[in-house]
Amino acid sequence: MMKEILQAFNIAYRVNDGKNVKVLFENCSLSFDAGKFYCLLGESGSGKTTFLHLLAGLDKPDKGHILYRGKDIQEIERNNYLRDHVSIIFQDYNLIPYMNVYQNIAAAMAIKKLPYTKESIAEMLKKVKLDTDIMFKRINLLSGGEKQRVAIVRALVGNNDIILADEPTGNLDSDTAKEIIALLKTAVYKQHKTLIVVSHSELVAESGDVVYILDQKIKGFVPKS
Amino acid sequence: MKRSFIEAVIAVFNRAKNSLALLAVMVLALLTISLFYLFMSSKDLIADNIRHELLIEGKINSLSEDNYLAKLKNEDIQAYIADIQNIYKSLDEKYDTAYTMSMELNAENSEVFKLWALDSAMNASGYSLGESDYSEDNLKIFVKEGLNIGNQELKKGDKLSFFQNNGERLDFSIAGFFSYDERYSALGDNLYPDDVDLFADKEVLYAYGTYEDNLEMSNLYIYLKGSDNKEAIIKDVEGSLAALQEYDIEASFIIDESHVRAIEENIAGIGNLYLIFAFMMLILISILLLAFNLYDLRKRFREMGIFIALGNTKSELFLRLVIEKTILLLLAFIVVIPLFNILARQADILILDSLSSAYLQMQKTLDVSIMNMSLAGLSSLRSTEIKDLIFIYLSFAFMNYFYLALSYLGLCRQKTVSLLKD
Ligand SMILES: Nc1ncnc2c1ncn2[C@@H]1O[C@H](COP(=O)(O)OP(=O)(O)O)[C@@H](O)[C@H]1O
Ligand SMILES: [Mg+2]
């Protein structure tokens, strides 16, 4: 079995805000090994979210390829890729606002065709230190930290071996941030998943196995020295 | 599929405000379309009834019932009128004052009926029931055999209650039963439940009224249904006319298609006003509906993006939206059907009013008297409308699915990331 689970190969990507064309990536390559915790650091607006979207197949690079276990993700059915291989924890959580916590997680499990019960979902919530009486609360009644935990639970259901997290500590105070990172770490190591976190926070970088920095001059990633 | 259904239910009920707004638009649209249909079909229905209409209207100055009966040559009508008169007479001999009632009550599931607000003087004959002074405490009534209320057959001694227009309640006890030829219906027994179709299964409708204090106003109406026997009967009556005129009886007929067309045109003039109004509403409503579909889905771009990011296919998402729409459509139908019933009644009144003025106009231009009898047929509209409207409702559902598909195509053209950025 090959070591690299995910590879970005010669990626080029530019955005056009109507007036200016901004190059975010040029000849950008990066490999991720299975079972490790990666941290990608970059300034705000440098293209971190865009890069995660490219890895997830939600967006297409102008040039280059994303390879999952050596296979171009363009050749994998996108819904299969997203359902079975890659989970995303979004910057702003992206939970379904009109559903409660239970329904949000149940919806994700249903998509993956996994069996679930109230008890099994309560069990998952306990693992991320969420009270079970939160289960039937609407999403908009939760605090930022609670939402982030729910989003983590949702991303961890199923057998997806890659977890992409977009600034998972961005909106949280530093105590909660530490806890969330610890949670992610244990969950991912225990289940042998690959975690790729993008962030602008040094705090997150401290926990990563491998840390890269998005260099806006070369439009690509360099290892953190 | 089961899961899609659960999620659709969650979406419909948890997004209550959106669902209610969409439901309101749908109900409004359905009502407009239904009314549009009602106006369209009532026009046809009225014209159809006019085709079967024949009216003999008499000022009976010196004519007794027996007299004019003898003058009428049509044996069916003679036999029929004689039948009814005999029934009345025999009842009258046995009881000082008794009332008879022959109209079907089956249509109403109520024990209290409204009296038809015809001229109360119709009661002077003593045989029929209408608005009048009912002085006795112990009111007796004879009813036609086999009369039901709901599914309950009436028995001797049962109570029947009626409201007069002035709100007074009359309680009758059933004294007995009578019967006569089912082909006839006596308009003279002027007691109508709300929804009765006067023409249902009848060939002749008959009304006779003598006003003792105002002989000029006394009259005789005969309405005929069924074009087969119409011409023969017209001939008969025309033959009797000379004799009848001796007694100052005039007769008018709707004789040929040109008359019917003239009347149709007259009705159309009024009907068209409603039609144009309803048509404009229809266009407005469909634009509104499309806009609402587009807007509602536009607001859900992010939600759709999230589901895609979780691994849903676009067809799974669409299926869920279709189920949502189906639930809303069913809810809309449940709300619309009773609402429409109420509205249809109001529309009936509107049409009735317009027609009365159309008829007045007609009488001037065609020199033909027409009673509002055609309107009796209108009431049958109410009992058939839901069945007929099903096609319209299905088309409406189709329109909704079409708009949904159109909006969804718009969504599919978006990049998934831009869905999520919304
Ligand atoms: N659809 C878009 N159109 C124009 N500019 C965009 C679009 N998406 C992102 N950008 C720009 O691309 C840059 C990178 O965005 P993003 O990946 O969200 O950065 P980060 O996550 O590092 O803050 C930003 O300058 C942003 O304004
Ligand atoms: Mg970002």
# chains A, B, ... in the order shown; residues from 1 in each chain; ligands from 1
>>> interface_residues(of="chain B", to="chain A", cutoff="9 Å", atoms="only C-alpha atoms", output="list in words")
Arg3, Glu7, Ile10, Ala11, Asn14, Arg15, Arg302, Glu303, Ile306, Phe307, Ile308, Ala309, Leu310, Gly311, Asn312, Thr313, Lys314, Lys415, Thr416, Val417 and Leu420 of chain B
>>> closest_atom_pairs(of="chain A", to="ligand 1", cutoff="12 Å", atoms="only C-alpha atoms and all ligand atoms", output="CSV")
residue,atom,partner,partner_atom_place_in_ligand_line,distance
A:Tyr13,CA,ligand 1,12 (O),9.6
A:Arg14,CA,ligand 1,12 (O),7.8
A:Val15,CA,ligand 1,5 (N),4.9
A:Asn16,CA,ligand 1,4 (C),4.8
A:Asp17,CA,ligand 1,4 (C),3.8
A:Gly18,CA,ligand 1,4 (C),7.3
A:Lys19,CA,ligand 1,4 (C),9.4
A:Asn20,CA,ligand 1,4 (C),8.8
A:Val21,CA,ligand 1,4 (C),8.3
A:Lys22,CA,ligand 1,12 (O),7.2
A:Val23,CA,ligand 1,12 (O),8.4
A:Leu24,CA,ligand 1,14 (C),6.8
A:Phe25,CA,ligand 1,14 (C),9.9
A:Leu40,CA,ligand 1,22 (O),10.0
A:Leu41,CA,ligand 1,22 (O),8.8
A:Gly42,CA,ligand 1,22 (O),6.2
A:Glu43,CA,ligand 1,22 (O),6.0
A:Ser44,CA,ligand 1,23 (O),3.9
A:Gly45,CA,ligand 1,23 (O),3.5
A:Ser46,CA,ligand 1,22 (O),4.1
A:Gly47,CA,ligand 1,17 (O),3.2
A:Lys48,CA,ligand 1,22 (O),3.7
A:Thr49,CA,ligand 1,21 (O),3.6
A:Thr50,CA,ligand 1,17 (O),3.7
A:Phe51,CA,ligand 1,17 (O),6.5
A:Leu52,CA,ligand 1,17 (O),8.1
A:His53,CA,ligand 1,17 (O),8.4
A:Leu54,CA,ligand 1,17 (O),9.9
A:Asp59,CA,ligand 1,1 (N),10.3
A:Phe90,CA,ligand 1,21 (O),10.5
A:Gln91,CA,ligand 1,21 (O),8.6
A:Asp92,CA,ligand 1,21 (O),11.3
A:Ala165,CA,ligand 1,21 (O),11.3
A:Asp166,CA,ligand 1,21 (O),7.7
A:Glu167,CA,ligand 1,21 (O),8.3
A:Pro168,CA,ligand 1,21 (O),11.9
A:Gly170,CA,ligand 1,23 (O),11.0
A:Val197,CA,ligand 1,21 (O),11.5
A:Val198,CA,ligand 1,21 (O),8.1
A:Ser199,CA,ligand 1,22 (O),8.1
A:His200,CA,ligand 1,22 (O),8.1
A:Ser201,CA,ligand 1,22 (O),11.8
A:Ile213,CA,ligand 1,22 (O),11.2
A:Leu214,CA,ligand 1,22 (O),8.8
A:Asp215,CA,ligand 1,22 (O),11.1
A:Gln216,CA,ligand 1,22 (O),10.3
A:Lys219,CA,ligand 1,14 (C),11.5
>>> closest_residue(among="A:Lys224, A:Gly145, A:His192, A:Thr169", to="ligand 2", atoms="only C-alpha atoms and all ligand atoms")
A:Thr169
>>> atom_distance(atom1="atom CA of A:Lys3", atom2="atom CA of A:Ser225")
23.1 Å
